[in-house]
file upload_8.txt (compact mmCIF, C-alpha atoms and all ligand atoms)
# COMPACT_ATOMS: atom_id res chain seq x y z
CA MET U 1 -10.08 -7.24 -83.67
CA THR U 2 -6.86 -8.02 -85.58
CA ASP U 3 -5.45 -10.23 -82.77
CA THR U 4 -8.37 -12.65 -82.85
CA VAL U 5 -8.91 -12.92 -86.61
CA PRO U 6 -8.01 -16.36 -88.00
CA PRO U 7 -5.51 -16.22 -90.89
CA LEU U 8 -6.93 -16.37 -94.42
CA GLY U 9 -5.22 -19.69 -95.02
CA LYS U 10 -3.50 -20.81 -98.21
CA ASP U 11 -6.01 -19.55 -100.77
CA LEU U 12 -8.73 -17.02 -101.50
CA VAL U 13 -11.42 -18.75 -103.52
CA GLY U 14 -14.48 -16.89 -102.28
CA LEU U 15 -16.04 -14.69 -99.62
CA GLU U 16 -18.74 -17.19 -98.62
CA LYS U 17 -16.70 -18.81 -95.86
CA LEU U 18 -14.83 -15.74 -94.60
CA THR U 19 -15.71 -14.20 -91.26
CA ALA U 20 -16.48 -10.52 -90.80
CA GLY U 21 -13.11 -10.16 -89.08
CA GLN U 22 -11.25 -11.67 -92.03
CA ILE U 23 -13.05 -9.47 -94.57
CA LEU U 24 -12.48 -6.33 -92.50
CA GLN U 25 -8.84 -7.28 -92.10
CA ILE U 26 -8.39 -7.39 -95.89
CA LEU U 27 -10.15 -4.01 -96.29
CA ASP U 28 -8.10 -2.45 -93.49
CA THR U 29 -4.86 -3.87 -94.94
CA ALA U 30 -5.78 -2.34 -98.32
CA GLU U 31 -6.00 1.15 -96.77
CA PRO U 32 -2.26 1.77 -96.37
CA PHE U 33 -1.54 0.14 -99.75
CA LYS U 34 -3.72 2.72 -101.57
CA GLU U 35 -0.98 5.32 -101.25
CA ILE U 36 1.63 3.26 -103.14
CA SER U 37 -0.24 3.79 -106.43
CA GLU U 38 -0.20 7.57 -105.89
CA ARG U 39 3.62 7.72 -105.67
CA ARG U 40 5.90 8.81 -108.49
CA ILE U 41 7.78 5.53 -108.11
CA LYS U 42 5.06 2.95 -107.51
CA LYS U 43 7.12 0.14 -106.07
CA VAL U 44 7.82 -1.30 -102.62
CA PRO U 45 9.76 -4.48 -101.77
CA VAL U 46 6.90 -6.23 -99.94
CA LEU U 47 6.77 -9.36 -102.19
CA ARG U 48 10.34 -9.28 -103.45
CA GLY U 49 11.44 -12.81 -104.43
CA LYS U 50 7.88 -14.15 -104.85
CA THR U 51 6.89 -15.56 -108.24
CA ILE U 52 3.25 -15.17 -109.27
CA VAL U 53 1.56 -16.67 -112.32
CA ASN U 54 -1.55 -14.95 -113.67
CA LEU U 55 -3.46 -17.72 -115.41
CA PHE U 56 -6.37 -16.28 -117.38
CA PHE U 57 -8.58 -18.76 -119.23
CA GLU U 58 -11.25 -16.10 -119.85
CA ALA U 59 -11.07 -12.54 -121.14
CA SER U 60 -10.37 -9.78 -118.64
CA THR U 61 -9.18 -6.20 -118.67
CA ARG U 62 -9.66 -4.82 -115.14
CA THR U 63 -8.89 -7.90 -113.04
CA ARG U 64 -5.88 -9.09 -115.03
CA VAL U 65 -4.23 -5.68 -115.25
CA SER U 66 -5.11 -4.82 -111.66
CA PHE U 67 -3.52 -8.03 -110.32
CA GLU U 68 -0.46 -7.45 -112.46
CA PHE U 69 -0.11 -3.87 -111.18
CA ALA U 70 -0.62 -5.04 -107.59
CA GLU U 71 2.07 -7.71 -108.00
CA LYS U 72 4.56 -5.43 -109.73
CA ARG U 73 4.02 -2.59 -107.26
CA LEU U 74 4.81 -5.06 -104.46
CA SER U 75 7.96 -6.19 -106.40
CA ALA U 76 6.84 -9.76 -107.15
CA ASP U 77 8.06 -11.46 -110.33
CA THR U 78 5.06 -12.09 -112.55
CA VAL U 79 4.22 -14.20 -115.58
CA ASN U 80 0.96 -13.89 -117.54
CA ILE U 81 -0.56 -16.89 -119.29
CA SER U 82 -3.76 -16.89 -121.31
CA SER U 83 -5.37 -20.02 -122.67
CA SER U 84 -5.01 -18.94 -126.32
CA GLY U 85 -1.23 -18.62 -126.12
CA SER U 86 -0.60 -21.72 -124.01
CA SER U 87 -0.62 -25.49 -124.42
CA VAL U 88 -4.21 -25.52 -123.14
CA VAL U 89 -5.18 -25.13 -126.82
CA LYS U 90 -3.38 -28.45 -127.45
CA GLY U 91 -5.56 -30.11 -124.83
CA GLU U 92 -3.38 -29.86 -121.72
CA THR U 93 -5.46 -30.07 -118.57
CA LEU U 94 -5.66 -27.45 -115.85
CA VAL U 95 -3.89 -29.69 -113.37
CA ASP U 96 -1.08 -30.55 -115.79
CA THR U 97 -0.65 -26.87 -116.62
CA ALA U 98 -0.46 -26.01 -112.93
CA ARG U 99 1.91 -28.89 -112.08
CA ASN U 100 4.29 -27.79 -114.83
CA LEU U 101 4.24 -24.26 -113.47
CA GLU U 102 4.84 -25.64 -109.96
CA ALA U 103 7.89 -27.48 -111.33
CA MET U 104 9.33 -24.06 -112.11
CA ARG U 105 9.01 -23.16 -108.40
CA ILE U 106 6.23 -20.60 -108.36
CA ASP U 107 4.63 -19.22 -105.18
CA MET U 108 1.15 -18.13 -106.20
CA VAL U 109 -1.39 -18.58 -108.97
CA VAL U 110 -4.05 -16.00 -109.76
CA MET U 111 -6.63 -17.71 -111.93
CA ARG U 112 -9.70 -16.77 -113.95
CA HIS U 113 -11.61 -19.72 -115.36
CA GLY U 114 -14.96 -20.26 -117.03
CA ALA U 115 -15.88 -23.24 -114.85
CA SER U 116 -17.54 -22.70 -111.47
CA GLY U 117 -15.40 -24.43 -108.86
CA ALA U 118 -12.17 -24.31 -110.90
CA ALA U 119 -10.36 -22.25 -108.24
CA ASP U 120 -11.25 -24.70 -105.45
CA PHE U 121 -10.27 -27.61 -107.70
CA LEU U 122 -6.84 -26.12 -108.32
CA ALA U 123 -6.31 -24.98 -104.72
CA GLU U 124 -6.81 -28.55 -103.51
CA ARG U 125 -4.21 -29.88 -105.94
CA ILE U 126 -1.22 -27.55 -105.75
CA PRO U 127 0.79 -26.26 -102.79
CA SER U 128 1.03 -22.70 -104.13
CA ASN U 129 -1.42 -20.06 -102.96
CA VAL U 130 -4.41 -19.81 -105.30
CA VAL U 131 -6.36 -16.58 -105.74
CA ASN U 132 -9.66 -16.80 -107.57
CA ALA U 133 -9.93 -14.02 -110.16
CA GLY U 134 -13.43 -15.20 -111.13
CA ASP U 135 -14.65 -18.76 -111.72
CA GLY U 136 -17.74 -19.27 -113.87
CA TRP U 137 -20.91 -18.22 -112.08
CA HIS U 138 -19.42 -18.99 -108.65
CA GLU U 139 -17.40 -16.13 -107.08
CA HIS U 140 -15.16 -13.18 -107.87
CA PRO U 141 -13.88 -12.45 -104.36
CA THR U 142 -11.49 -9.59 -105.08
CA GLN U 143 -14.25 -7.80 -107.04
CA GLY U 144 -16.53 -8.25 -104.02
CA LEU U 145 -13.82 -6.88 -101.73
CA LEU U 146 -13.11 -3.84 -103.89
CA ASP U 147 -16.85 -3.13 -104.05
CA LEU U 148 -17.04 -3.30 -100.24
CA LEU U 149 -14.04 -1.00 -99.88
CA THR U 150 -15.50 1.52 -102.34
CA ILE U 151 -18.88 1.55 -100.61
CA ARG U 152 -17.19 1.97 -97.20
CA ASP U 153 -15.02 4.80 -98.56
CA HIS U 154 -18.05 6.75 -99.77
CA MET U 155 -20.74 5.84 -97.24
CA GLY U 156 -18.51 5.56 -94.17
CA ARG U 157 -19.89 2.15 -93.19
CA LEU U 158 -21.36 -1.09 -94.49
CA ASP U 159 -23.35 -2.19 -91.45
CA GLY U 160 -27.02 -1.33 -91.92
CA LEU U 161 -26.64 -0.01 -95.48
CA LYS U 162 -29.20 -1.03 -98.09
CA VAL U 163 -27.48 -2.32 -101.20
CA CYS U 164 -29.43 -3.51 -104.24
CA ILE U 165 -27.70 -5.56 -106.94
CA VAL U 166 -29.47 -4.95 -110.25
CA GLY U 167 -29.53 -6.98 -113.43
CA ASP U 168 -28.15 -10.34 -114.46
CA ILE U 169 -27.78 -12.01 -111.06
CA LEU U 170 -28.09 -15.54 -112.48
CA HIS U 171 -24.78 -15.52 -114.37
CA SER U 172 -22.94 -13.25 -111.96
CA ARG U 173 -20.03 -14.35 -109.76
CA VAL U 174 -19.80 -10.67 -108.74
CA ALA U 175 -23.33 -10.83 -107.34
CA ARG U 176 -22.51 -13.89 -105.22
CA SER U 177 -19.34 -12.40 -103.77
CA ASN U 178 -21.18 -9.13 -103.08
CA ILE U 179 -24.08 -10.91 -101.38
CA TYR U 180 -21.77 -12.96 -99.13
CA GLY U 181 -19.47 -10.07 -98.25
CA LEU U 182 -22.14 -7.44 -97.72
CA ARG U 183 -24.36 -9.67 -95.58
CA THR U 184 -21.42 -10.84 -93.47
CA LEU U 185 -20.61 -7.19 -92.74
CA GLY U 186 -24.20 -6.38 -91.76
CA ALA U 187 -25.58 -4.73 -94.90
CA GLU U 188 -29.12 -5.40 -96.10
CA VAL U 189 -28.96 -6.84 -99.61
CA ALA U 190 -31.62 -6.92 -102.30
CA VAL U 191 -31.59 -8.06 -105.90
CA CYS U 192 -33.62 -6.71 -108.78
CA GLY U 193 -33.97 -8.00 -112.31
CA PRO U 194 -36.09 -10.11 -114.61
CA ARG U 195 -37.10 -13.39 -112.94
CA THR U 196 -35.30 -15.22 -115.79
CA LEU U 197 -32.02 -13.63 -114.62
CA LEU U 198 -32.42 -14.39 -110.90
CA PRO U 199 -31.06 -17.67 -109.52
CA PRO U 200 -33.75 -20.07 -108.28
CA MET U 201 -34.31 -19.60 -104.55
CA VAL U 202 -32.27 -16.39 -104.47
CA GLU U 203 -34.16 -15.50 -101.28
CA GLU U 204 -32.26 -18.33 -99.54
CA LEU U 205 -29.10 -16.24 -99.94
CA GLY U 206 -30.75 -13.75 -97.60
CA CYS U 207 -31.75 -11.25 -100.27
CA GLN U 208 -34.93 -9.30 -100.65
CA VAL U 209 -36.20 -9.42 -104.24
CA PHE U 210 -37.61 -6.42 -106.09
CA ALA U 211 -39.64 -7.04 -109.20
CA HIS U 212 -39.46 -3.43 -110.34
CA ILE U 213 -36.43 -1.17 -110.64
CA GLN U 214 -38.46 1.76 -109.30
CA GLU U 215 -39.03 -0.13 -106.01
CA ALA U 216 -35.32 -0.93 -105.75
CA ILE U 217 -34.39 2.73 -106.28
CA GLU U 218 -36.95 3.79 -103.67
CA TRP U 219 -35.45 1.34 -101.10
CA ALA U 220 -31.68 1.43 -101.66
CA ASP U 221 -28.73 3.54 -100.52
CA VAL U 222 -26.44 1.88 -103.08
CA LEU U 223 -27.05 0.29 -106.48
CA ASN U 224 -24.52 -2.19 -107.85
CA VAL U 225 -25.52 -2.48 -111.50
CA LEU U 226 -24.42 -5.65 -113.25
CA ARG U 227 -23.61 -6.28 -116.86
CA LEU U 228 -26.02 -8.30 -118.93
CA GLN U 229 -23.71 -11.25 -119.68
CA LEU U 230 -24.67 -11.66 -123.30
CA GLU U 231 -21.88 -14.20 -123.90
CA ARG U 232 -23.42 -16.58 -121.30
CA MET U 233 -26.94 -16.31 -122.74
CA GLU U 234 -28.11 -18.48 -125.58
CA GLY U 235 -31.28 -16.48 -126.04
CA GLY U 236 -34.57 -16.31 -124.26
CA TYR U 237 -33.52 -14.54 -121.07
CA VAL U 238 -34.70 -11.07 -122.12
CA PRO U 239 -36.91 -10.14 -125.07
CA SER U 240 -34.47 -7.53 -126.45
CA LEU U 241 -31.75 -5.21 -125.18
CA ARG U 242 -33.92 -2.18 -125.91
CA GLU U 243 -36.76 -3.65 -123.90
CA TYR U 244 -34.36 -4.57 -121.08
CA ASN U 245 -33.20 -0.95 -120.88
CA HIS U 246 -36.78 0.28 -121.02
CA ILE U 247 -37.89 -1.91 -118.10
CA TRP U 248 -34.73 -2.46 -116.01
CA GLY U 249 -32.21 0.18 -117.08
CA VAL U 250 -30.70 2.49 -114.46
CA THR U 251 -31.43 5.90 -115.97
CA SER U 252 -31.07 9.42 -114.63
CA GLU U 253 -34.84 9.94 -114.91
CA ARG U 254 -35.38 6.99 -112.57
CA LEU U 255 -32.68 8.12 -110.13
CA GLU U 256 -34.14 11.63 -109.98
CA ALA U 257 -37.31 10.10 -108.52
CA ALA U 258 -35.33 8.50 -105.65
CA PRO U 259 -35.86 9.82 -102.11
CA ARG U 260 -32.05 10.13 -101.65
CA ASP U 261 -28.88 10.26 -103.76
CA LEU U 262 -27.79 6.71 -104.55
CA LEU U 263 -24.19 5.59 -104.83
CA ILE U 264 -23.78 3.86 -108.21
CA LEU U 265 -21.37 0.96 -108.75
CA HIS U 266 -20.75 -1.25 -111.77
CA PRO U 267 -18.00 -3.91 -111.93
CA GLY U 268 -17.46 -3.36 -115.68
CA PRO U 269 -17.34 -3.90 -118.52
CA MET U 270 -20.52 -1.86 -119.06
CA ASN U 271 -23.14 -2.23 -121.74
CA ARG U 272 -23.90 1.49 -121.94
CA GLY U 273 -27.53 2.12 -122.83
CA VAL U 274 -28.54 -1.39 -121.73
CA GLU U 275 -28.20 -1.91 -117.95
CA ILE U 276 -26.92 1.62 -117.28
CA ASP U 277 -27.20 4.89 -119.17
CA SER U 278 -24.08 6.93 -119.86
CA ASP U 279 -25.28 9.97 -117.90
CA VAL U 280 -25.53 7.72 -114.79
CA ALA U 281 -22.25 5.87 -115.42
CA ASP U 282 -20.40 9.17 -115.87
CA GLY U 283 -22.54 11.14 -113.41
CA PRO U 284 -21.78 12.64 -109.99
CA HIS U 285 -22.92 9.62 -107.97
CA SER U 286 -20.97 7.04 -109.95
CA VAL U 287 -17.91 5.51 -108.25
CA ILE U 288 -17.16 3.10 -111.07
CA LEU U 289 -13.60 4.30 -111.63
CA ASN U 290 -12.99 4.50 -107.86
CA GLN U 291 -13.80 0.78 -107.81
CA VAL U 292 -11.06 0.19 -110.38
CA THR U 293 -8.54 2.24 -108.39
CA ASN U 294 -9.42 0.40 -105.18
CA GLY U 295 -9.00 -2.93 -106.97
CA VAL U 296 -5.23 -2.53 -107.03
CA ALA U 297 -4.99 -1.85 -103.27
CA VAL U 298 -7.37 -4.71 -102.41
CA ARG U 299 -5.35 -7.14 -104.53
CA MET U 300 -2.13 -5.94 -102.94
CA ALA U 301 -3.69 -6.63 -99.54
CA VAL U 302 -4.84 -10.13 -100.53
CA LEU U 303 -1.42 -11.07 -101.96
CA TYR U 304 0.36 -9.62 -98.93
CA LEU U 305 -1.81 -11.52 -96.43
CA LEU U 306 -1.66 -14.82 -98.33
CA ALA U 307 2.12 -14.47 -98.46
CA GLY U 308 2.11 -14.38 -94.67
CA GLY U 309 2.25 -10.61 -94.18
CA GLN U 310 1.04 -9.32 -90.83
CA PRO U 311 -1.94 -6.96 -91.18
CA GLU U 312 -0.68 -4.67 -88.42
CA LYS U 313 2.68 -4.38 -90.21
CA ALA U 314 1.27 -3.37 -93.63
CA GLU U 315 1.93 0.33 -93.02
CA ALA U 316 5.55 -0.37 -92.05
CA ALA U 317 5.98 -2.93 -94.86
CA LYS U 318 5.05 -0.43 -97.55
CA GLN U 319 7.73 1.90 -96.18
CA GLY U 320 10.26 -0.86 -96.86
CA ALA U 321 10.44 -2.53 -93.42
CA GLU U 322 10.39 -6.32 -93.09
CA SER U 323 6.83 -7.64 -92.67
N1 LIG U 401 -14.85 -6.56 -113.23
C1 LIG U 401 -14.17 -7.45 -113.97
O1 LIG U 401 -13.97 -8.60 -113.58
O2 LIG U 401 -13.73 -6.96 -115.17
P1 LIG U 401 -12.80 -7.79 -116.18
O3 LIG U 401 -13.63 -8.89 -116.73
O4 LIG U 401 -12.38 -6.79 -117.22
O5 LIG U 401 -11.65 -8.33 -115.40
call {"tool": "encode", "arguments": {"input": "upload_8.txt", "output": "structure tokens"}}
result
Amino acid sequence: MTDTVPPLGKDLVGLEKLTAGQILQILDTAEPFKEISERRIKKVPVLRGKTIVNLFFEASTRTRVSFEFAEKRLSADTVNISSSGSSVVKGETLVDTARNLEAMRIDMVVMRHGASGAADFLAERIPSNVVNAGDGWHEHPTQGLLDLLTIRDHMGRLDGLKVCIVGDILHSRVARSNIYGLRTLGAEVAVCGPRTLLPPMVEELGCQVFAHIQEAIEWADVLNVLRLQLERMEGGYVPSLREYNHIWGVTSERLEAAPRDLLILHPGPMNRGVEIDSDVADGPHSVILNQVTNGVAVRMAVLYLLAGGQPEKAEAAKQGAES
């Protein structure tokens, strides 16, 4: 498989256009990198000499820290920029910001931005590698990849699995990356949530739609529960948070009625007691923190491959050999 997989190219802006071979290659490259984070000294010289800028125009805990750990554990030099502490607040454009960074001879930009399409826009305008860390409602490819890796770790496969994404699909870049990645790897994908929080024509993405959470739980092997994105709602999407939990919440009572144990994912941050109850989030079938752990290895794999690393040499590279 590895011999015939086309290279990722300069950037990773989404999973929509990746082939099954390319996605599997990232997941397989992440496998050997998992072990680096378990070492006493969590550092290998894989990206020594590379300079990476983490450009975060929106809030983030998991993605920003996870990229920074991935970069540092691979020995890259990193700089973190957030919009509030930069000249963006003085009105500098994205392209001017990026060109000024380029003038300092950087190699890669990891960017989170509130505008859908911002990662593509930047990737077309600068020679550095661009990694999308979430752009508006569009895609969050490394979140999709870490979700795939976590599901594969626990279920042993993705092909033929039934995965239901529950909640605020409309505003969710995580949902889009999950739908593209899961379907490309042969999983059956459904969505479930209030019609007001489903994108128009969601069925055209190849998803089954469940109107009731009980039907989704009856059908699925895996639930990926999404956060209600209150900051992107100006009212009117759901009557109240209490009512949302009453009708759509993933609760232990509902899961107990399922015909099988369901694997529970959530990309975080969670609204406990709204889309997911604490006894589910912290329960035996939750892999929410495993997702976070896998995020570091997946991001190492993406950075390594975009930097020109050979997938078949990842195991040797992490031992300190030239890649
Ligand atoms: N899952 C995720 O993107 O979390 P952050 O917003 O904290 O990065």
call {"tool": "residues_around", "arguments": {"input": "upload_8.txt", "residues": "Val130 of chain U", "least_positions_apart": "6", "cutoff": "12 Å", "atoms": "all atoms listed in the file", "output": "JSON, numbers by chain"}}
result
{"U": [8, 9, 10, 11, 12, 13, 14, 52, 53, 54, 55, 98, 102, 106, 107, 108, 109, 110, 111, 112, 118, 119, 120, 121, 122, 123, 124, 302, 303, 306, 307]}
call {"tool": "closest_residue", "arguments": {"input": "upload_8.txt", "among": "U:Glu253, U:Ile264, U:Lys34, U:Ala20", "to": "His154 of chain U", "atoms": "only C-alpha atoms"}}
result
U:Ile264
call {"tool": "closest_residue", "arguments": {"input": "upload_8.txt", "among": "U:Leu226, U:Val202, U:Leu263, U:Ile165", "to": "ligand LIG 401 (chain U)", "atoms": "only C-alpha atoms and all ligand atoms"}}
result
U:Leu226
call {"tool": "atom_distance", "arguments": {"input": "upload_8.txt", "atom1": "atom CA of Leu18 of chain U", "atom2": "atom CA of Leu47 of chain U"}}
result
23.8 Å
call {"tool": "closest_atom_pairs", "arguments": {"input": "upload_8.txt", "of": "chain U", "to": "ligand LIG 401 (chain U)", "cutoff": "6 Å", "atoms": "all atoms listed in the file", "output": "JSON lines"}}
result
{"residue": "U:Ser60", "atom": "CA", "partner": "U:LIG401", "partner_atom": "O5", "distance": 3.8}
{"residue": "U:Thr61", "atom": "CA", "partner": "U:LIG401", "partner_atom": "O4", "distance": 3.6}
{"residue": "U:Arg62", "atom": "CA", "partner": "U:LIG401", "partner_atom": "O4", "distance": 4.0}
{"residue": "U:Thr63", "atom": "CA", "partner": "U:LIG401", "partner_atom": "O5", "distance": 3.7}
{"residue": "U:Arg64", "atom": "CA", "partner": "U:LIG401", "partner_atom": "O5", "distance": 5.8}
{"residue": "U:Pro267", "atom": "CA", "partner": "U:LIG401", "partner_atom": "N1", "distance": 4.3}
{"residue": "U:Gly268", "atom": "CA", "partner": "U:LIG401", "partner_atom": "N1", "distance": 4.8}
{"residue": "U:Pro269", "atom": "CA", "partner": "U:LIG401", "partner_atom": "O2", "distance": 5.8}
call {"tool": "closest_residue", "arguments": {"input": "upload_8.txt", "among": "U:Pro284, U:Pro32, U:Pro7, U:Gly49", "to": "Met300 of chain U", "atoms": "all atoms listed in the file"}}
result
U:Pro32
call {"tool": "atom_distance", "arguments": {"input": "upload_8.txt", "atom1": "atom CA of Val296 of chain U", "atom2": "atom CA of Asp28 of chain U"}}
result
13.8 Å
call {"tool": "atom_distance", "arguments": {"input": "upload_8.txt", "atom1": "atom CA of Asp135 of chain U", "atom2": "atom CA of Val292 of chain U"}}
result
19.3 Å
call {"tool": "closest_residue", "arguments": {"input": "upload_8.txt", "among": "U:Ile151, U:Leu101, U:Leu146, U:Leu197", "to": "Leu228 of chain U", "atoms": "all atoms listed in the file"}}
result
U:Leu197
call {"tool": "closest_residue", "arguments": {"input": "upload_8.txt", "among": "U:Thr78, U:Gly249, U:Leu223, U:His171", "to": "Ser116 of chain U", "atoms": "only C-alpha atoms"}}
result
U:His171
call {"tool": "closest_residue", "arguments": {"input": "upload_8.txt", "among": "U:Ile169, U:Ile213, U:Val88, U:Ile247", "to": "Met201 of chain U", "atoms": "all atoms listed in the file"}}
result
U:Ile169
call {"tool": "residues_around", "arguments": {"input": "upload_8.txt", "residues": "Gly134 of chain U", "least_positions_apart": "6", "cutoff": "8 Å", "atoms": "all atoms listed in the file", "output": "PDB file with C-alpha atoms, in the frame of the given file"}}
result
ATOM      1  CA  MET U 111      -6.630 -17.710-111.930  1.00  0.00           C
ATOM      2  CA  ARG U 112      -9.700 -16.770-113.950  1.00  0.00           C
ATOM      3  CA  HIS U 113     -11.610 -19.720-115.360  1.00  0.00           C
ATOM      4  CA  GLY U 114     -14.960 -20.260-117.030  1.00  0.00           C
ATOM      5  CA  HIS U 140     -15.160 -13.180-107.870  1.00  0.00           C
ATOM      6  CA  PRO U 141     -13.880 -12.450-104.360  1.00  0.00           C
ATOM      7  CA  ARG U 173     -20.030 -14.350-109.760  1.00  0.00           C
TER       8      ARG U 173
END
call {"tool": "residues_near_point", "arguments": {"input": "upload_8.txt", "point": "(-17.2, 1.2, -109.4)", "cutoff": "8 Å", "atoms": "only C-alpha atoms", "output": "VMD selection string"}}
result
chain U and resid 147 150 264 to 268 286 to 292
call {"tool": "residues_near_point", "arguments": {"input": "upload_8.txt", "point": "(5.9, -2.1, -105.9)", "cutoff": "10 Å", "atoms": "only C-alpha atoms", "output": "list in words"}}
result
Phe33, Ile36, Ser37, Ile41, Lys42, Lys43, Val44, Pro45, Val46, Leu47, Arg48, Phe69, Ala70, Glu71, Lys72, Arg73, Leu74, Ser75, Ala76, Met300 and Lys318 of chain U
call {"tool": "decode", "arguments": {"input": "upload_8.txt", "residues": "segment 278-290 of chain U", "atoms": "N, CA, C and O atoms", "output": "PDB file, in the first residue's frame"}}
result
ATOM      1  N   SER U 278     -22.069  13.650  32.568  1.00  0.00           N
ATOM      2  CA  SER U 278     -20.742  13.362  33.136  1.00  0.00           C
ATOM      3  C   SER U 278     -20.522  11.865  33.321  1.00  0.00           C
ATOM      4  O   SER U 278     -19.404  11.382  33.126  1.00  0.00           O
ATOM      5  N   ASP U 279     -21.561  11.118  33.694  1.00  0.00           N
ATOM      6  CA  ASP U 279     -21.321   9.684  33.918  1.00  0.00           C
ATOM      7  C   ASP U 279     -21.024   8.957  32.600  1.00  0.00           C
ATOM      8  O   ASP U 279     -20.404   7.893  32.607  1.00  0.00           O
ATOM      9  N   VAL U 280     -21.404   9.521  31.468  1.00  0.00           N
ATOM     10  CA  VAL U 280     -21.016   8.953  30.163  1.00  0.00           C
ATOM     11  C   VAL U 280     -19.604   9.432  29.792  1.00  0.00           C
ATOM     12  O   VAL U 280     -18.746   8.638  29.405  1.00  0.00           O
ATOM     13  N   ALA U 281     -19.364  10.721  29.954  1.00  0.00           N
ATOM     14  CA  ALA U 281     -18.052  11.287  29.583  1.00  0.00           C
ATOM     15  C   ALA U 281     -16.930  10.638  30.386  1.00  0.00           C
ATOM     16  O   ALA U 281     -15.818  10.442  29.865  1.00  0.00           O
ATOM     17  N   ASP U 282     -17.199  10.310  31.636  1.00  0.00           N
ATOM     18  CA  ASP U 282     -16.174   9.732  32.513  1.00  0.00           C
ATOM     19  C   ASP U 282     -16.360   8.224  32.674  1.00  0.00           C
ATOM     20  O   ASP U 282     -15.704   7.600  33.515  1.00  0.00           O
ATOM     21  N   GLY U 283     -17.258   7.646  31.899  1.00  0.00           N
ATOM     22  CA  GLY U 283     -17.624   6.238  32.076  1.00  0.00           C
ATOM     23  C   GLY U 283     -16.700   5.273  31.345  1.00  0.00           C
ATOM     24  O   GLY U 283     -15.757   5.686  30.650  1.00  0.00           O
ATOM     25  N   PRO U 284     -16.974   3.971  31.477  1.00  0.00           N
ATOM     26  CA  PRO U 284     -16.063   2.936  30.962  1.00  0.00           C
ATOM     27  C   PRO U 284     -15.964   2.876  29.440  1.00  0.00           C
ATOM     28  O   PRO U 284     -14.998   2.335  28.916  1.00  0.00           O
ATOM     29  N   HIS U 285     -16.932   3.415  28.735  1.00  0.00           N
ATOM     30  CA  HIS U 285     -16.899   3.333  27.264  1.00  0.00           C
ATOM     31  C   HIS U 285     -16.423   4.625  26.608  1.00  0.00           C
ATOM     32  O   HIS U 285     -16.385   4.734  25.388  1.00  0.00           O
ATOM     33  N   SER U 286     -16.051   5.584  27.446  1.00  0.00           N
ATOM     34  CA  SER U 286     -15.552   6.861  26.915  1.00  0.00           C
ATOM     35  C   SER U 286     -14.073   6.747  26.576  1.00  0.00           C
ATOM     36  O   SER U 286     -13.272   6.232  27.361  1.00  0.00           O
ATOM     37  N   VAL U 287     -13.702   7.247  25.401  1.00  0.00           N
ATOM     38  CA  VAL U 287     -12.283   7.281  24.988  1.00  0.00           C
ATOM     39  C   VAL U 287     -11.853   8.731  24.736  1.00  0.00           C
ATOM     40  O   VAL U 287     -10.956   8.998  23.935  1.00  0.00           O
ATOM     41  N   ILE U 288     -12.496   9.634  25.444  1.00  0.00           N
ATOM     42  CA  ILE U 288     -12.289  11.066  25.186  1.00  0.00           C
ATOM     43  C   ILE U 288     -10.844  11.479  25.471  1.00  0.00           C
ATOM     44  O   ILE U 288     -10.235  12.231  24.694  1.00  0.00           O
ATOM     45  N   LEU U 289     -10.266  10.975  26.550  1.00  0.00           N
ATOM     46  CA  LEU U 289      -8.878  11.343  26.834  1.00  0.00           C
ATOM     47  C   LEU U 289      -7.894  10.560  25.955  1.00  0.00           C
ATOM     48  O   LEU U 289      -6.791  11.042  25.678  1.00  0.00           O
ATOM     49  N   ASN U 290      -8.304   9.365  25.500  1.00  0.00           N
ATOM     50  CA  ASN U 290      -7.464   8.649  24.522  1.00  0.00           C
ATOM     51  C   ASN U 290      -7.378   9.448  23.227  1.00  0.00           C
ATOM     52  O   ASN U 290      -6.337   9.459  22.550  1.00  0.00           O
TER      53      ASN U 290
END
